[in-house]
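Contents: one structure, followed by commentary.
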Amino acid sequence: MRVVFLAPIYPPEMLQYTRGLAEVGAEVYGVGDTPREALPEVVRPYLHDYLQVPRILAEDDVMDRVTAWLRGKSVDRVLSNWEPTVILAARLRERWGMPGMSVDAVRGFRDKQLMKERVRAAGLRVPRSRRVKTEAEMRAAAEEIGYPLVLKPIAGAGSADTYRVDDAKQLDETIPKMRGVTEASCEEYVRGEEFTFDTVSIQGKPAFENVAAYLPKPLEARSEEWISPVIITVRDLAQPKLQGGLELGRKVLSALGMGDGFTHMEWFLTPKGEAVFGEIGCRPGGAHLVDQMNYTCDIDLFREWARVACFGKFEAPTTRKYNAGIVFKRALGKGRITRITGLGDWLRACDPWVVEEKLLRPGTPRRNWRHTLLSDGHVLVRHPDWDEAYRMSFLAATGIKMYAE
Ligand SMILES: Nc1ncnc2c1ncn2[C@@H]1O[C@H](COP(=O)(O)OP(=O)(O)OP(=O)(O)O)[C@@H](O)[C@H]1O
Ligand SMILES: [Mg+2]
């Protein structure tokens, strides 16, 4: 099984998928713009070969180079788990006439407006929205959709350039901030709780399912620096509250023509109990969500995904044992981390349920919390009971403090 895997080491969690592919027996041909000399030691044994390209996002150039590189070899799969290269993977598959999702199907997972149109056409509940390019279009869309509304890029990630707009005055303030965005989506703001729906799917049918709760919603977590964002995977997927979201999620996969692999969807649960579609990608969630799912079931989804992508089989047990909560911390102040307080107490209070403690150490420069949810590191804790997992997660959110002063 010869697999071309795009971006095999960046972002860093891609190393794990590269490992997974090698472990299920694939010969991995990595393509990325990381210099060959800079490939981490740990990934080298898993890469059969590697092509360094000048820019991984220059799709036409990469297609030509990879085609020349592999001339004369038969390739079985072209895969990517990184949002910016999922279309490129599909284009390569089409060029070489290979199995896997088409460019058109992948576009439904990448273009937020197209995605919503397709999901809506399947009769599912989607926020009302308009595709807007100019200031005039933004104003017209706001008029039509009403407040509160959300303005966000059509191909966004990490809640970048995403704004909640409550009235006409805020619209005036927000429009200049959208100048760097070529195409935006203007949509109805959906109130309520926000969850993920994650799967590893085989021909669009989930072999593995997950729901995680965002506490608070990503848009709020990204607006206030003092917040320690918490995300907890939900152990009990059978509870009535989640059924609407699970059904919505499964139908979205069929509506968009999902094939094999990871999906990561976000959805809202309104105060009235209605499940509303947010967005979906045909790739795994980032920011350690796959680690959280692994801790939830004590499995290795990096490898299981590879088994699905290569052989159409999922072999890990899917019994959910824990609610796994991750808590991202942000230091107070600028520059380098100077000290951490409350960590020892928290670790003692939550023993033996803590599974990871990866806060940046004193001396390390702070990460930009606006650019990455990873912020200044995280702790991860799990417990069979939801209330306990919730309590211990929020104990970390409030009790652990980091300083950069
Ligand atoms: N219509 C909406 N109603 C309410 N909240 C919304 C809406 N659209 C977006 N949001 C909020 O903004 C966040 C970011 O939006 P979205 O997920 O579409 O963008 P993104 O940049 O791809 O996000 P990420 O990469 O962080 O998942 C959502 O998680 C949600 O909290
Ligand atoms: Mg999102």
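By order of appearance in the structure tokens: chains A, B, ..., then residues from 1 within every chain, and ligands from 1 in the order shown.
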
Would you please give, as a VMD selection string, all residues of stretch 256-355 of chain A that DSSP assigns to strand (DSSP E or B) based on the backbone? chain A and resid 261 to 269 275 to 281 323 to 328 332 to 333 336 339 to 341 354 to 355

Find the residues near A:Lys329: any atom within 8 Å, counting only C-alpha atoms, skip ones fewer than 4 places away on the same chain, and give them as a VMD selection string. chain A and resid 228 to 229 359 375 to 378 397 401 to 402

Please extract the residues at most 12 Å from ligand 2, counting only C-alpha atoms and all ligand atoms, and provide them as a count of residues only, using the chain letters and residue numbers of this document. 39

One number please: atom CA of A:Glu357 to atom CA of A:Ala396, in Å, one decimal. 10.7 Å

Determine which residues of stretch 109-328 of chain A receive a DSSP assignment of helix (DSSP H, G or I), computed from the backbone, and state them as a CSV table (one decimal) with N, CA and C atoms, in the first residue's frame.
```
chain,number,residue,atom,x,y,z
A,109,PHE,N,-16.8,20.5,2.0
A,109,PHE,CA,-16.3,20.5,3.4
A,109,PHE,C,-15.4,21.7,3.7
A,110,ARG,N,-15.1,22.4,2.6
A,110,ARG,CA,-14.1,23.4,2.7
A,110,ARG,C,-14.6,24.9,2.6
A,112,LYS,N,-17.4,27.3,3.2
A,112,LYS,CA,-18.5,27.4,4.2
A,112,LYS,C,-19.9,27.7,3.7
A,113,GLN,N,-19.9,28.5,2.6
A,113,GLN,CA,-21.2,28.8,2.1
A,113,GLN,C,-21.8,27.6,1.3
A,114,LEU,N,-20.9,27.0,0.4
A,114,LEU,CA,-21.4,25.8,-0.3
A,114,LEU,C,-21.8,24.7,0.6
A,115,MET,N,-21.0,24.5,1.7
A,115,MET,CA,-21.4,23.5,2.7
A,115,MET,C,-22.7,23.7,3.3
A,116,LYS,N,-23.0,25.0,3.6
A,116,LYS,CA,-24.3,25.3,4.2
A,116,LYS,C,-25.4,25.1,3.2
A,117,GLU,N,-25.2,25.5,1.9
A,117,GLU,CA,-26.2,25.3,0.9
A,117,GLU,C,-26.5,23.8,0.7
A,118,ARG,N,-25.5,23.0,0.7
A,118,ARG,CA,-25.7,21.5,0.5
A,118,ARG,C,-26.4,20.9,1.7
A,119,VAL,N,-26.0,21.4,2.9
A,119,VAL,CA,-26.7,20.8,4.1
A,119,VAL,C,-28.1,21.3,4.2
A,120,ARG,N,-28.4,22.5,3.8
A,120,ARG,CA,-29.7,23.1,3.8
A,120,ARG,C,-30.6,22.3,2.8
A,121,ALA,N,-30.0,22.1,1.6
A,121,ALA,CA,-30.7,21.4,0.5
A,121,ALA,C,-31.2,20.0,1.0
A,135,GLU,N,-18.5,45.8,0.9
A,135,GLU,CA,-19.2,46.5,2.0
A,135,GLU,C,-20.7,46.6,1.8
A,136,ALA,N,-21.0,46.9,0.5
A,136,ALA,CA,-22.4,47.1,0.2
A,136,ALA,C,-23.2,45.8,0.4
A,137,GLU,N,-22.5,44.7,0.0
A,137,GLU,CA,-23.2,43.4,0.2
A,137,GLU,C,-23.3,43.0,1.6
A,138,MET,N,-22.3,43.4,2.4
A,138,MET,CA,-22.4,43.1,3.9
A,138,MET,C,-23.6,43.8,4.5
A,139,ARG,N,-23.7,45.1,4.1
A,139,ARG,CA,-24.9,45.9,4.7
A,139,ARG,C,-26.2,45.3,4.2
A,140,ALA,N,-26.3,44.9,3.0
A,140,ALA,CA,-27.6,44.4,2.4
A,140,ALA,C,-27.9,43.1,3.2
A,141,ALA,N,-26.8,42.3,3.4
A,141,ALA,CA,-27.1,41.0,4.0
A,141,ALA,C,-27.5,41.2,5.5
A,142,ALA,N,-26.9,42.2,6.1
A,142,ALA,CA,-27.2,42.4,7.5
A,142,ALA,C,-28.7,42.8,7.6
A,143,GLU,N,-29.1,43.7,6.7
A,143,GLU,CA,-30.5,44.1,6.6
A,143,GLU,C,-31.4,43.0,6.5
A,144,GLU,N,-31.1,42.0,5.7
A,144,GLU,CA,-31.9,40.9,5.4
A,144,GLU,C,-32.0,39.9,6.6
A,145,ILE,N,-30.8,39.6,7.1
A,145,ILE,CA,-30.7,38.6,8.2
A,145,ILE,C,-31.0,39.1,9.5
A,168,ALA,N,-26.4,47.9,14.3
A,168,ALA,CA,-25.8,48.7,13.1
A,168,ALA,C,-24.5,49.4,13.5
A,169,LYS,N,-24.4,49.9,14.7
A,169,LYS,CA,-23.2,50.6,15.1
A,169,LYS,C,-22.0,49.6,15.1
A,170,GLN,N,-22.3,48.4,15.6
A,170,GLN,CA,-21.2,47.4,15.6
A,170,GLN,C,-20.8,47.0,14.2
A,171,LEU,N,-21.8,47.0,13.3
A,171,LEU,CA,-21.5,46.6,11.9
A,171,LEU,C,-20.6,47.6,11.3
A,172,ASP,N,-20.8,48.9,11.6
A,172,ASP,CA,-19.9,50.0,11.1
A,172,ASP,C,-18.5,49.7,11.7
A,173,GLU,N,-18.4,49.3,12.9
A,173,GLU,CA,-17.0,49.0,13.5
A,173,GLU,C,-16.4,47.8,13.0
A,174,THR,N,-17.2,46.8,12.6
A,174,THR,CA,-16.7,45.5,12.2
A,174,THR,C,-16.2,45.5,10.7
A,175,ILE,N,-17.0,46.2,9.8
A,175,ILE,CA,-16.6,46.2,8.4
A,175,ILE,C,-15.2,46.5,8.1
A,176,PRO,N,-14.6,47.6,8.7
A,176,PRO,CA,-13.2,47.8,8.4
A,176,PRO,C,-12.2,46.6,8.9
A,177,LYS,N,-12.6,45.9,9.9
A,177,LYS,CA,-11.8,44.8,10.4
A,177,LYS,C,-11.8,43.6,9.4
A,178,MET,N,-12.8,43.6,8.5
A,178,MET,CA,-12.9,42.5,7.5
A,178,MET,C,-12.2,42.8,6.2
A,218,PRO,N,-16.3,28.7,21.1
A,218,PRO,CA,-15.0,29.2,20.6
A,218,PRO,C,-14.9,30.7,20.4
A,219,LEU,N,-16.0,31.3,19.9
A,219,LEU,CA,-16.0,32.7,19.6
A,219,LEU,C,-15.8,33.5,20.9
A,220,GLU,N,-16.4,33.1,22.0
A,220,GLU,CA,-16.2,33.8,23.2
A,220,GLU,C,-14.8,33.5,23.8
A,221,ALA,N,-14.4,32.3,23.7
A,221,ALA,CA,-13.0,31.9,24.2
A,221,ALA,C,-12.0,32.7,23.5
A,222,ARG,N,-12.3,33.1,22.2
A,222,ARG,CA,-11.2,33.8,21.4
A,222,ARG,C,-11.3,35.3,21.6
A,223,SER,N,-12.4,35.8,22.3
A,223,SER,CA,-12.6,37.2,22.4
A,223,SER,C,-12.0,37.8,23.7
A,240,PRO,N,-30.4,12.0,26.0
A,240,PRO,CA,-31.4,12.6,25.0
A,240,PRO,C,-31.0,13.9,24.5
A,241,LYS,N,-30.3,14.7,25.3
A,241,LYS,CA,-29.9,16.1,24.9
A,241,LYS,C,-29.1,16.1,23.6
A,242,LEU,N,-28.3,15.0,23.4
A,242,LEU,CA,-27.4,15.0,22.3
A,242,LEU,C,-27.9,14.4,21.0
A,243,GLN,N,-29.1,13.7,21.1
A,243,GLN,CA,-29.6,12.9,19.9
A,243,GLN,C,-29.8,13.8,18.7
A,244,GLY,N,-30.3,15.0,18.9
A,244,GLY,CA,-30.5,15.8,17.7
A,244,GLY,C,-29.2,16.1,17.0
A,245,GLY,N,-28.2,16.4,17.7
A,245,GLY,CA,-26.9,16.7,17.1
A,245,GLY,C,-26.3,15.5,16.4
A,246,LEU,N,-26.4,14.3,17.1
A,246,LEU,CA,-25.9,13.1,16.5
A,246,LEU,C,-26.6,12.8,15.2
A,247,GLU,N,-27.9,12.9,15.2
A,247,GLU,CA,-28.7,12.7,13.9
A,247,GLU,C,-28.3,13.7,12.9
A,248,LEU,N,-28.2,14.9,13.3
A,248,LEU,CA,-27.9,16.0,12.3
A,248,LEU,C,-26.5,15.6,11.7
A,249,GLY,N,-25.6,15.3,12.6
A,249,GLY,CA,-24.2,15.0,12.1
A,249,GLY,C,-24.2,13.9,11.1
A,250,ARG,N,-24.9,12.8,11.4
A,250,ARG,CA,-24.9,11.7,10.4
A,250,ARG,C,-25.5,12.1,9.1
A,251,LYS,N,-26.5,12.8,9.2
A,251,LYS,CA,-27.2,13.3,7.9
A,251,LYS,C,-26.3,14.2,7.1
A,252,VAL,N,-25.6,15.0,7.8
A,252,VAL,CA,-24.7,16.0,7.1
A,252,VAL,C,-23.6,15.2,6.4
A,253,LEU,N,-23.1,14.1,6.9
A,253,LEU,CA,-22.1,13.3,6.3
A,253,LEU,C,-22.7,12.7,4.9
A,254,SER,N,-23.9,12.3,5.0
A,254,SER,CA,-24.5,11.8,3.7
A,254,SER,C,-24.7,12.9,2.7
A,255,ALA,N,-25.2,14.0,3.3
A,255,ALA,CA,-25.6,15.1,2.4
A,255,ALA,C,-24.3,15.6,1.6
A,256,LEU,N,-23.2,15.6,2.3
A,256,LEU,CA,-22.0,16.1,1.7
A,256,LEU,C,-21.1,15.1,1.0
A,289,LEU,N,-7.7,17.5,20.1
A,289,LEU,CA,-9.0,16.9,20.2
A,289,LEU,C,-8.9,15.3,20.0
A,290,VAL,N,-8.0,14.9,19.1
A,290,VAL,CA,-7.8,13.5,18.8
A,290,VAL,C,-7.2,12.8,20.1
A,291,ASP,N,-6.3,13.5,20.7
A,291,ASP,CA,-5.7,13.0,22.0
A,291,ASP,C,-6.9,12.8,23.0
A,292,GLN,N,-7.7,13.8,23.1
A,292,GLN,CA,-8.9,13.7,24.0
A,292,GLN,C,-9.8,12.5,23.7
A,293,MET,N,-10.0,12.3,22.4
A,293,MET,CA,-10.9,11.1,22.0
A,293,MET,C,-10.1,9.8,22.4
A,294,ASN,N,-8.8,9.8,22.2
A,294,ASN,CA,-8.1,8.6,22.5
A,294,ASN,C,-8.1,8.4,24.0
A,295,TYR,N,-8.1,9.4,24.8
A,295,TYR,CA,-8.2,9.2,26.3
A,295,TYR,C,-9.6,8.8,26.7
A,296,THR,N,-10.6,9.2,25.9
A,296,THR,CA,-11.9,8.9,26.2
A,296,THR,C,-12.2,7.4,26.1
A,297,CYS,N,-11.5,6.7,25.1
A,297,CYS,CA,-11.8,5.3,24.9
A,297,CYS,C,-10.6,4.4,25.1
A,301,LEU,N,-6.5,6.6,17.7
A,301,LEU,CA,-7.2,6.9,16.5
A,301,LEU,C,-6.3,7.3,15.4
A,302,PHE,N,-5.1,7.7,15.7
A,302,PHE,CA,-4.1,8.0,14.7
A,302,PHE,C,-3.9,6.8,13.8
A,303,ARG,N,-3.8,5.7,14.5
A,303,ARG,CA,-3.6,4.4,13.7
A,303,ARG,C,-4.9,3.9,13.1
A,304,GLU,N,-6.0,4.1,13.9
A,304,GLU,CA,-7.3,3.5,13.4
A,304,GLU,C,-7.7,4.3,12.1
A,305,TRP,N,-7.4,5.6,12.1
A,305,TRP,CA,-7.7,6.4,10.9
A,305,TRP,C,-7.0,5.8,9.7
A,306,ALA,N,-5.7,5.5,10.0
A,306,ALA,CA,-4.8,5.0,8.9
A,306,ALA,C,-5.4,3.7,8.4
A,307,ARG,N,-5.9,2.9,9.3
A,307,ARG,CA,-6.5,1.6,8.9
A,307,ARG,C,-7.7,1.8,8.0
A,308,VAL,N,-8.5,2.8,8.4
A,308,VAL,CA,-9.7,3.1,7.6
A,308,VAL,C,-9.3,3.6,6.2
A,309,ALA,N,-8.3,4.6,6.2
A,309,ALA,CA,-8.0,5.2,5.0
A,309,ALA,C,-7.3,4.2,4.0
A,310,CYS,N,-6.6,3.3,4.5
A,310,CYS,CA,-5.9,2.3,3.7
A,310,CYS,C,-6.7,1.1,3.4
A,311,PHE,N,-7.4,0.6,4.4
A,311,PHE,CA,-8.1,-0.7,4.2
A,311,PHE,C,-9.6,-0.7,4.5
```
